[in-house]
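**Q** File name my_file.csv; file contents CSV, C-alpha atoms; full text below.
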chain,number,residue,atom,x,y,z
A,14,MET,CA,15.8,99.8,85.9
A,15,THR,CA,17.1,103.3,86.5
A,16,GLY,CA,16.1,106.3,84.6
A,17,THR,CA,19.6,107.8,84.4
A,18,GLY,CA,22.8,107.0,82.6
A,19,THR,CA,26.0,106.9,84.6
A,20,THR,CA,29.5,108.2,84.1
A,21,ARG,CA,32.7,107.4,86.0
A,22,THR,CA,34.9,110.1,87.6
A,23,VAL,CA,38.4,109.2,88.7
A,24,ARG,CA,39.6,111.1,91.8
A,25,GLY,CA,43.1,112.0,92.6
A,26,ASP,CA,43.3,109.1,95.1
A,27,GLY,CA,42.5,106.7,92.3
A,28,ARG,CA,38.9,105.9,93.5
A,29,VAL,CA,36.1,106.0,91.0
A,30,ASP,CA,32.8,107.8,91.6
A,31,ARG,CA,29.7,107.2,89.6
A,32,VAL,CA,27.9,110.4,88.6
A,33,ALA,CA,24.4,110.3,87.4
A,34,VAL,CA,23.8,111.7,83.9
A,35,PRO,CA,20.3,113.3,83.7
A,36,PRO,CA,17.9,111.3,81.5
A,37,ALA,CA,16.3,112.8,78.5
A,38,SER,CA,13.2,114.8,79.3
A,39,ARG,CA,9.9,114.3,77.7
A,40,ARG,CA,10.5,117.4,75.6
A,41,GLU,CA,13.9,116.1,74.5
A,42,ASP,CA,12.5,112.7,73.5
A,43,LEU,CA,9.7,114.5,71.6
A,44,VAL,CA,12.2,116.6,69.6
A,45,THR,CA,14.1,113.4,68.7
A,46,VAL,CA,10.8,111.8,67.5
A,47,LEU,CA,9.9,114.8,65.4
A,48,LEU,CA,13.3,115.0,63.8
A,49,GLY,CA,13.2,111.2,63.3
A,50,ALA,CA,9.9,111.7,61.5
A,51,CYS,CA,11.6,114.1,59.1
A,52,LEU,CA,14.3,111.4,58.4
A,53,ILE,CA,11.5,108.9,57.6
A,54,GLY,CA,9.8,111.5,55.4
A,55,GLY,CA,13.0,111.9,53.5
A,56,ALA,CA,13.3,108.1,53.1
A,57,LEU,CA,9.7,108.0,51.9
A,58,SER,CA,10.3,110.7,49.3
A,59,ASP,CA,13.4,108.8,48.0
A,60,GLY,CA,11.4,105.5,47.9
A,61,TRP,CA,8.6,107.3,46.0
A,62,ALA,CA,11.0,108.6,43.5
A,63,HIS,CA,12.6,105.1,43.0
A,64,ALA,CA,9.1,103.6,42.5
A,65,ASN,CA,7.5,106.2,40.2
A,66,ILE,CA,10.1,108.4,38.5
A,67,VAL,CA,13.3,106.3,38.6
A,68,GLU,CA,14.1,107.3,35.0
A,69,THR,CA,14.7,110.8,36.2
A,70,ILE,CA,17.2,109.9,38.9
A,71,GLU,CA,20.8,110.3,38.0
A,72,GLY,CA,23.5,109.7,40.5
A,73,PHE,CA,23.5,110.4,44.3
A,74,PHE,CA,22.8,114.1,44.4
A,75,THR,CA,19.0,114.3,44.1
A,76,PRO,CA,16.4,116.4,45.9
A,77,TRP,CA,15.1,113.2,47.5
A,78,HIS,CA,18.5,112.3,48.9
A,79,GLY,CA,18.7,115.9,50.1
A,80,LEU,CA,15.5,115.5,52.1
A,81,LEU,CA,16.7,112.1,53.5
A,82,TYR,CA,20.1,113.4,54.7
A,83,ALA,CA,18.6,116.7,56.0
A,84,GLY,CA,16.4,114.6,58.3
A,85,PHE,CA,19.4,112.5,59.3
A,86,THR,CA,21.6,115.5,60.0
A,87,GLY,CA,19.0,117.1,62.2
A,88,THR,CA,18.4,113.9,64.2
A,89,ALA,CA,22.1,113.2,64.5
A,90,ALA,CA,23.0,116.7,65.6
A,91,TRP,CA,20.3,116.7,68.2
A,92,THR,CA,21.4,113.4,69.6
A,93,PHE,CA,25.0,114.6,70.0
A,94,TRP,CA,23.7,117.9,71.5
A,95,LEU,CA,21.9,116.0,74.3
A,96,ALA,CA,25.2,114.5,75.3
A,97,TYR,CA,27.1,117.8,75.0
A,98,GLN,CA,24.5,119.5,77.2
A,99,ARG,CA,25.6,117.1,80.0
A,100,ARG,CA,29.3,118.0,79.9
A,101,ASP,CA,29.0,119.6,83.4
A,102,VAL,CA,28.6,116.1,84.9
A,103,ALA,CA,30.4,114.2,82.2
A,104,PRO,CA,33.4,116.2,81.0
A,105,ARG,CA,34.2,113.5,78.4
A,106,TRP,CA,30.7,113.9,77.1
A,107,TRP,CA,31.4,112.1,73.8
A,108,ARG,CA,32.0,109.0,75.9
A,109,ASP,CA,30.0,109.3,79.1
A,110,GLY,CA,27.4,112.0,78.6
A,111,TRP,CA,24.7,110.1,76.8
A,112,PRO,CA,21.3,110.0,78.4
A,113,ALA,CA,19.8,106.6,78.9
A,114,GLY,CA,18.9,105.0,75.6
A,115,TYR,CA,20.9,107.4,73.4
A,116,ARG,CA,24.4,105.8,73.4
A,117,VAL,CA,23.1,103.2,70.9
A,118,GLY,CA,21.6,106.0,68.9
A,119,ALA,CA,25.0,107.6,68.6
A,120,LEU,CA,26.3,104.3,67.3
A,121,GLY,CA,23.5,104.5,64.7
A,122,VAL,CA,24.8,107.9,63.6
A,123,VAL,CA,28.2,106.4,62.8
A,124,VAL,CA,26.7,103.4,61.0
A,125,PHE,CA,24.4,105.7,59.0
A,126,LEU,CA,27.3,107.9,58.0
A,127,ALA,CA,29.3,104.9,56.8
A,128,GLY,CA,26.3,103.8,54.8
A,129,GLY,CA,25.8,107.2,53.3
A,130,LEU,CA,29.4,107.5,52.1
A,131,ALA,CA,29.2,104.0,50.7
A,132,ASP,CA,25.9,104.9,49.0
A,133,MET,CA,27.4,108.0,47.4
A,134,VAL,CA,30.3,105.9,46.0
A,135,TRP,CA,27.9,103.2,44.8
A,136,HIS,CA,25.5,105.6,43.0
A,137,GLU,CA,28.3,107.6,41.4
A,138,THR,CA,30.2,104.5,40.1
A,139,LEU,CA,27.6,101.8,39.6
A,140,GLY,CA,24.4,103.8,39.1
A,141,VAL,CA,21.0,103.7,40.6
A,142,GLU,CA,19.6,100.5,42.0
A,143,VAL,CA,16.1,99.4,41.0
A,144,GLY,CA,13.8,96.7,42.4
A,145,LEU,CA,15.5,93.9,44.4
A,146,ASP,CA,18.9,95.5,43.8
A,147,ALA,CA,17.8,98.5,45.9
A,148,GLY,CA,16.5,96.2,48.7
A,149,PHE,CA,19.8,94.2,49.0
A,150,SER,CA,22.3,97.0,48.3
A,151,PRO,CA,25.0,96.8,51.1
A,152,SER,CA,25.0,100.6,51.4
A,153,HIS,CA,21.2,100.7,51.8
A,154,LEU,CA,21.4,97.9,54.5
A,155,LEU,CA,23.9,100.0,56.4
A,156,LEU,CA,21.7,103.1,56.1
A,157,ASP,CA,18.7,101.2,57.3
A,158,GLY,CA,20.5,99.6,60.2
A,159,GLY,CA,21.9,102.9,61.4
A,160,ALA,CA,18.5,104.6,61.1
A,161,VAL,CA,16.8,101.9,63.2
A,162,LEU,CA,19.4,102.4,66.0
A,163,LEU,CA,19.1,106.2,65.8
A,164,LEU,CA,15.3,106.4,65.6
A,165,THR,CA,14.6,104.1,68.6
A,166,SER,CA,16.6,106.2,71.1
A,167,PRO,CA,13.4,107.7,72.7
A,168,LEU,CA,12.0,104.1,72.9
A,169,ARG,CA,15.0,103.0,75.0
A,170,SER,CA,14.8,106.2,77.0
A,171,TRP,CA,11.1,105.5,77.8
A,172,TRP,CA,11.9,102.0,78.9
A,173,ALA,CA,14.8,103.1,81.1
A,174,GLY,CA,12.7,105.9,82.7
A,175,GLY,CA,9.8,103.6,83.7
A,176,GLU,CA,7.2,106.3,83.2
A,177,GLY,CA,3.8,105.9,81.8
A,178,GLY,CA,1.1,108.3,80.7
A,179,LEU,CA,2.1,110.9,78.1
A,180,ARG,CA,5.7,109.7,78.1
A,181,SER,CA,4.5,106.5,76.5
A,182,VAL,CA,3.5,108.5,73.4
A,183,THR,CA,7.1,109.3,72.5
A,184,GLY,CA,8.1,105.8,73.2
A,185,VAL,CA,5.4,104.3,70.9
A,186,ALA,CA,6.1,106.9,68.2
A,187,SER,CA,9.8,106.0,68.4
A,188,LEU,CA,9.0,102.3,68.1
A,189,THR,CA,6.8,103.0,65.1
A,190,LEU,CA,9.6,105.0,63.3
A,191,GLY,CA,12.0,102.1,64.0
A,192,VAL,CA,9.6,99.6,62.5
A,193,THR,CA,8.8,101.8,59.5
A,194,ALA,CA,12.4,102.4,58.5
A,195,PRO,CA,13.0,98.9,57.0
A,196,THR,CA,9.8,99.1,55.0
A,197,ILE,CA,11.6,100.8,52.1
A,198,LEU,CA,13.8,97.7,51.7
A,199,ILE,CA,11.2,95.0,52.0
A,200,ASN,CA,8.3,96.5,50.1
A,201,HIS,CA,8.9,93.7,47.5
A,202,SER,CA,7.7,91.2,50.1
A,203,THR,CA,5.2,93.1,52.2
A,204,ALA,CA,1.6,92.0,52.6
A,205,PHE,CA,0.5,95.6,52.3
A,206,LEU,CA,1.3,95.6,48.6
A,207,THR,CA,0.6,92.1,47.3
A,208,ALA,CA,-2.6,91.5,45.3
A,209,ALA,CA,-2.3,87.7,45.7
A,210,PRO,CA,-5.5,87.4,47.9
A,211,THR,CA,-7.6,88.8,45.0
A,212,HIS,CA,-6.5,85.9,42.7
A,213,PRO,CA,-7.8,82.4,42.7
A,214,ILE,CA,-5.3,80.1,44.4
A,215,GLY,CA,-5.2,77.8,41.4
A,216,ILE,CA,-4.3,74.1,41.0
A,217,ALA,CA,-1.1,72.4,41.9
A,218,GLY,CA,1.7,73.8,39.7
A,219,ALA,CA,-0.1,77.1,39.1
A,220,GLN,CA,-0.1,78.6,42.5
A,221,GLN,CA,2.9,80.9,42.3
A,222,SER,CA,0.9,84.0,43.0
A,223,ALA,CA,-0.6,82.5,46.1
A,224,ILE,CA,2.7,81.2,47.3
A,225,LEU,CA,4.3,84.6,47.0
A,226,GLY,CA,1.4,86.0,48.8
A,227,VAL,CA,1.8,83.6,51.7
A,228,ASP,CA,5.5,84.4,51.9
A,229,ALA,CA,4.6,88.1,52.0
A,230,TYR,CA,2.2,87.5,54.9
A,231,LEU,CA,4.9,85.6,56.8
A,232,ILE,CA,7.6,88.2,56.3
A,233,THR,CA,5.2,91.0,57.3
A,234,THR,CA,4.1,89.1,60.4
A,235,MET,CA,7.7,88.7,61.4
A,236,ALA,CA,8.7,92.3,60.6
A,237,LEU,CA,5.8,93.7,62.6
A,238,GLY,CA,5.2,91.0,65.2
A,239,VAL,CA,8.7,90.6,66.6
A,240,PRO,CA,9.1,94.3,67.4
A,241,PHE,CA,5.6,94.4,68.9
A,242,LEU,CA,6.4,91.4,71.2
A,243,LEU,CA,9.7,92.9,72.3
A,244,ALA,CA,7.8,96.1,73.3
A,245,HIS,CA,4.9,94.2,74.8
A,246,ARG,CA,7.2,92.2,76.9
A,247,ARG,CA,8.8,95.3,78.4
A,248,ARG,CA,5.6,97.3,78.7
A,249,GLY,CA,2.1,96.6,77.4
A,250,THR,CA,0.8,99.9,76.0
A,251,LEU,CA,-2.6,100.6,74.4
A,252,GLY,CA,-2.1,101.8,70.9
A,253,ALA,CA,1.2,100.1,70.2
A,254,ALA,CA,-0.1,97.5,67.9
A,255,THR,CA,-2.2,100.1,65.9
A,256,ALA,CA,0.9,102.3,65.5
A,257,ILE,CA,3.2,99.5,64.5
A,258,VAL,CA,0.9,98.5,61.7
A,259,ALA,CA,-0.1,102.0,60.7
A,260,GLY,CA,3.5,103.3,60.1
A,261,PRO,CA,4.6,100.7,57.5
A,262,ALA,CA,1.1,100.6,55.9
A,263,LEU,CA,1.1,104.4,55.4
A,264,PHE,CA,4.7,104.3,54.1
A,265,CYS,CA,3.7,101.7,51.4
A,266,MET,CA,0.6,103.5,50.4
A,267,VAL,CA,2.3,106.8,49.9
A,268,MET,CA,5.3,105.3,48.2
A,269,PHE,CA,3.0,103.7,45.5
A,270,GLU,CA,0.4,106.4,45.4
A,271,PHE,CA,-2.4,104.6,47.3
A,272,PRO,CA,-3.0,101.6,45.0
A,273,ARG,CA,-6.3,99.6,45.2
A,274,PRO,CA,-7.3,97.2,46.6
A,275,GLN,CA,-4.2,97.4,48.7
A,276,LEU,CA,-5.4,100.7,50.2
A,277,VAL,CA,-8.5,99.1,51.6
A,278,ALA,CA,-6.4,96.1,52.9
A,279,ALA,CA,-4.0,98.5,54.7
A,280,VAL,CA,-6.9,100.3,56.4
A,281,ALA,CA,-8.4,97.0,57.4
A,282,ALA,CA,-5.0,95.9,58.8
A,283,VAL,CA,-4.7,99.0,60.9
A,284,LEU,CA,-8.2,98.3,62.3
A,285,GLY,CA,-7.0,94.8,63.0
A,286,GLY,CA,-4.1,96.3,65.0
A,287,PHE,CA,-6.6,98.4,67.0
A,288,VAL,CA,-8.7,95.3,67.8
A,289,ALA,CA,-5.5,93.6,69.0
A,290,ASP,CA,-4.8,96.5,71.2
A,291,LEU,CA,-8.2,96.3,72.8
A,292,VAL,CA,-8.1,92.5,73.3
A,293,LEU,CA,-4.6,92.5,74.8
A,294,SER,CA,-5.3,95.5,77.0
A,295,ARG,CA,-8.3,93.6,78.4
A,296,LEU,CA,-6.3,90.4,78.8
A,297,ASP,CA,-3.6,92.2,80.8
A,298,ALA,CA,-6.2,93.8,83.0
A,299,VAL,CA,-7.9,90.5,83.7
A,300,ARG,CA,-4.9,88.1,83.8
A,301,GLY,CA,-2.1,90.5,84.8
A,302,ALA,CA,1.1,91.4,83.2
A,303,ASP,CA,2.9,88.3,84.6
A,304,ALA,CA,0.3,85.8,83.4
A,305,PRO,CA,1.5,82.5,81.9
A,306,LEU,CA,1.9,82.4,78.2
A,307,ARG,CA,1.3,86.1,77.9
A,308,LEU,CA,3.6,86.6,75.0
A,309,PRO,CA,2.6,83.6,72.9
A,310,LEU,CA,-1.0,84.7,73.4
A,311,ALA,CA,-0.2,88.3,72.4
A,312,GLY,CA,1.6,87.1,69.3
A,313,ALA,CA,-1.3,84.9,68.2
A,314,VAL,CA,-3.9,87.7,68.8
A,315,PHE,CA,-1.7,90.3,66.9
A,316,ALA,CA,-1.0,88.0,63.9
A,317,ALA,CA,-4.7,86.9,63.7
A,318,ALA,CA,-6.2,90.3,64.0
A,319,VAL,CA,-3.8,92.1,61.6
A,320,GLY,CA,-3.8,89.1,59.1
A,321,ALA,CA,-7.6,88.9,59.1
A,322,GLY,CA,-7.8,92.6,58.4
A,323,CYS,CA,-5.2,92.7,55.7
A,324,TRP,CA,-6.0,89.5,54.0
A,325,GLY,CA,-9.2,87.8,55.2
A,326,TRP,CA,-11.7,89.9,53.3
A,327,ARG,CA,-9.9,89.7,50.0
A,328,TRP,CA,-9.9,85.9,49.3
A,329,PRO,CA,-12.3,85.3,46.4
A,330,THR,CA,-15.2,83.0,46.9
A,331,GLY,CA,-14.7,79.5,45.5
A,332,SER,CA,-11.0,79.8,45.0
A,333,PHE,CA,-10.1,76.8,47.1
A,334,GLY,CA,-9.7,73.3,45.7
A,335,ARG,CA,-10.5,71.8,42.3
A,336,ARG,CA,-13.9,72.0,40.6
A,337,LYS,CA,-15.6,68.7,40.3
A,338,CYS,CA,-17.7,69.7,37.3
A,339,GLY,CA,-15.9,69.1,34.1
A,340,GLY,CA,-16.6,72.4,32.5
A,341,HIS,CA,-15.7,74.3,35.6
A,342,HIS,CA,-12.6,72.2,36.1
A,343,HIS,CA,-11.3,73.1,32.6
A,344,ALA,CA,-12.1,76.7,33.2
A,345,HIS,CA,-10.2,76.5,36.5
A,346,ARG,CA,-7.2,74.9,34.7
A,347,ALA,CA,-7.3,77.7,32.1
A,348,ARG,CA,-7.2,80.3,34.9
A,349,GLY,CA,-4.2,78.4,36.3
A,350,ARG,CA,-2.4,78.6,33.0
A,351,ALA,CA,-3.2,82.3,32.7
A,352,ALA,CA,-1.9,82.9,36.2
A,353,ARG,CA,1.6,81.9,34.9
A,354,ARG,CA,1.5,84.6,32.3
A,355,PRO,CA,2.6,88.2,33.3
A,356,ALA,CA,-0.6,89.5,31.7
A,357,ALA,CA,-2.7,87.8,34.4
A,358,ARG,CA,-1.2,90.1,37.0
A,359,PRO,CA,-3.3,93.2,37.9
A,360,VAL,CA,-2.0,96.4,36.3
A,361,PRO,CA,-0.9,99.0,38.8
A,362,ARG,CA,-2.9,102.2,39.0
A,363,ALA,CA,-1.3,105.1,37.1
A,364,GLY,CA,-0.1,108.0,39.2
A,365,ARG,CA,-1.2,111.5,38.9
A,366,SER,CA,1.3,111.9,36.0
A,367,GLY,CA,-0.4,109.2,34.1
A,368,ARG,CA,2.6,106.9,34.1
A,369,LEU,CA,2.6,103.5,35.8
A,370,PRO,CA,5.1,103.2,38.7
A,371,ALA,CA,8.4,101.9,37.4
A,372,ALA,CA,8.6,99.2,40.1
A,373,GLY,CA,4.9,98.6,40.5
A,374,ARG,CA,4.7,95.5,38.4
A,375,GLU,CA,7.3,93.9,40.5
A,376,PHE,CA,5.9,94.6,43.9
A,377,ARG,CA,2.1,94.3,43.3
A,378,ARG,CA,1.8,90.6,42.6
Would it be possible to restate this file's structure as structure tokens?

**A**
Amino acid sequence: MTGTGTTRTVRGDGRVDRVAVPPASRREDLVTVLLGACLIGGALSDGWAHANIVETIEGFFTPWHGLLYAGFTGTAAWTFWLAYQRRDVAPRWWRDGWPAGYRVGALGVVVFLAGGLADMVWHETLGVEVGLDAGFSPSHLLLDGGAVLLLTSPLRSWWAGGEGGLRSVTGVASLTLGVTAPTILINHSTAFLTAAPTHPIGIAGAQQSAILGVDAYLITTMALGVPFLLAHRRRGTLGAATAIVAGPALFCMVMFEFPRPQLVAAVAAVLGGFVADLVLSRLDAVRGADAPLRLPLAGAVFAAAVGAGCWGWRWPTGSFGRRKCGGHHHAHRARGRAARRPAARPVPRAGRSGRLPAAGREFRR
């Protein structure tokens, strides 16, 4: 692949010349990543407010939305500035001046703006979404899709440039931001927040908590594993698995004020990502980057290492199967009946204000 974008220049004789557009430099990609981190920080503050102090949110114009849109404005303005800087080789810079990887990011700006306008109308007319309503709000889906396109511009720039070394840092950081962005919408189904592995599985008909926990594991594996495999296919990089797990895990922990035992599980999952990085780096060194079944093997190692860290240590002893002893069997059935009652669910830890998170009972199953 080439490390430059191209633009077409039409001469007087009708012939078309292709003029190279300078690629984004490491410094330019780094600035994009830092501004993108501000956007994610604003999204995190808004998610924290929805989870902990939603009763104080009235309408669209809140400090939390201010932080979110300030981060977006900075990232969007910088993206367009990169194209404008190249107007000497691309006079129609708004069409042809984008560095490699940034044209899609510009599309993300447009999508995000559309989602922001829709979100403003939604909040001012229909009110503030809570729980699953926030996760499936059409305006929020537009915002999140646009954010992913915008935040991953340095990732595509890194892939197009073909560089390694320090350039890979901005690429992996951009990938992490892109994977973290959807976390605010799927925190109702993430393995980082479920408490299901701390409960007995129960008998048939009383396994709802375990079923929801398995669903959370599958969704989280897909949400993290697919982006990781896409990146690993293009360029295996030490630290990518760790970063992809650490970003969403940290987002969830801050959003819900570091609940336990989920905090320990999140740390263990990050360590699992680190183990996956070491194993896959060694496999690439021994087998080569073009070895057969490289991607399926990478996916299995990633899912096993992260899943073992996030879940493996939390399953209670003796929670599988039915008890053969009569007394124990009745006690097990009693636990199964209790698992169907809301009171059996663990109570979320109170925040610093002493109040329980408004959405905590829904997410921490």

**Q** Between CA of Gly252 (chain A) and CA of Val185 (chain A), what is the distance, to one decimal in Å?

**A**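 Going from CA of Gly252 (chain A) over to CA of Val185 (chain A), I get 7.9 Å.
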
**Q** Would you work out the distance separating CA of Tyr115 (chain A) from CA of Thr165 (chain A), expressed in Å to one decimal?

**A**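 CA of Thr165 (chain A) lies 8.6 Å from CA of Tyr115 (chain A).
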
**Q** To one decimal place, how far is CA of Val314 (chain A) from CA of Ala186 (chain A) in Å?

**A**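 CA of Ala186 (chain A) lies at a distance of 21.7 Å from CA of Val314 (chain A).
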
**Q** Return the single residue from A:Pro112, A:Gly158, A:Gly118, A:Gly260 that is closest to Ser38 (chain A), with distances computed using all atoms listed in the file.

**A** A:Pro112

**Q** If you count only C-alpha atoms, which residues fall within 8 Å of Ala289 (chain A), apart from same-chain ones fewer than 2 positions away, as a PDB file with C-alpha atoms, in the coordinates of the input?

**A**
ATOM      1  CA  ALA A 254      -0.100  97.500  67.900  1.00  0.00           C
ATOM      2  CA  THR A 255      -2.200 100.100  65.900  1.00  0.00           C
ATOM      3  CA  GLY A 285      -7.000  94.800  63.000  1.00  0.00           C
ATOM      4  CA  GLY A 286      -4.100  96.300  65.000  1.00  0.00           C
ATOM      5  CA  PHE A 287      -6.600  98.400  67.000  1.00  0.00           C
ATOM      6  CA  LEU A 291      -8.200  96.300  72.800  1.00  0.00           C
ATOM      7  CA  VAL A 292      -8.100  92.500  73.300  1.00  0.00           C
ATOM      8  CA  LEU A 293      -4.600  92.500  74.800  1.00  0.00           C
ATOM      9  CA  VAL A 314      -3.900  87.700  68.800  1.00  0.00           C
ATOM     10  CA  PHE A 315      -1.700  90.300  66.900  1.00  0.00           C
ATOM     11  CA  ALA A 318      -6.200  90.300  64.000  1.00  0.00           C
ATOM     12  CA  VAL A 319      -3.800  92.100  61.600  1.00  0.00           C
TER      13      VAL A 319
END

**Q** Could you pull the residues within 8 Å of Met266 (chain A), counting all atoms listed in the file, minus those fewer than 4 positions along the same chain, as a VMD selection string?

**A** chain A and resid 262 270 to 272 275 to 276

**Q** Between A:Glu71, A:Asn200, A:Ala103, A:His212, single out the one closest to Ala229 (chain A), counting only C-alpha atoms.

**A** A:Asn200

**Q** For Thr189 (chain A), work out the shell of residues within 12 Å, counting all atoms listed in the file and skipping chain neighbours fewer than 4 positions away, then give it as an MDAnalysis selection string.

**A** chainID A and resid 46 49:50 53 161 164:168 182:185 193:196 236:237 240:241 244 252:264

**Q** Looking at A:Val288, A:Gly159, A:Leu179, A:Ala311, which one is nearest to Leu243 (chain A), with distances taken over only C-alpha atoms?

**A**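 Among the listed residues, A:Ala311 lies closest to Leu243 (chain A).
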
**Q** For the point (2.8, 82.4, 43.6) in file coordinates, what residues are within 9 Å, counting all atoms listed in the file? Give the answer as a VMD selection string?

**A** chain A and resid 209 214 219 to 228 352 to 353 378

**Q** Measuring atom to atom with only C-alpha atoms, identify which of A:Trp324, A:Tyr230, A:Phe73, A:Trp106 is nearest to Val141 (chain A).

**A** A:Phe73
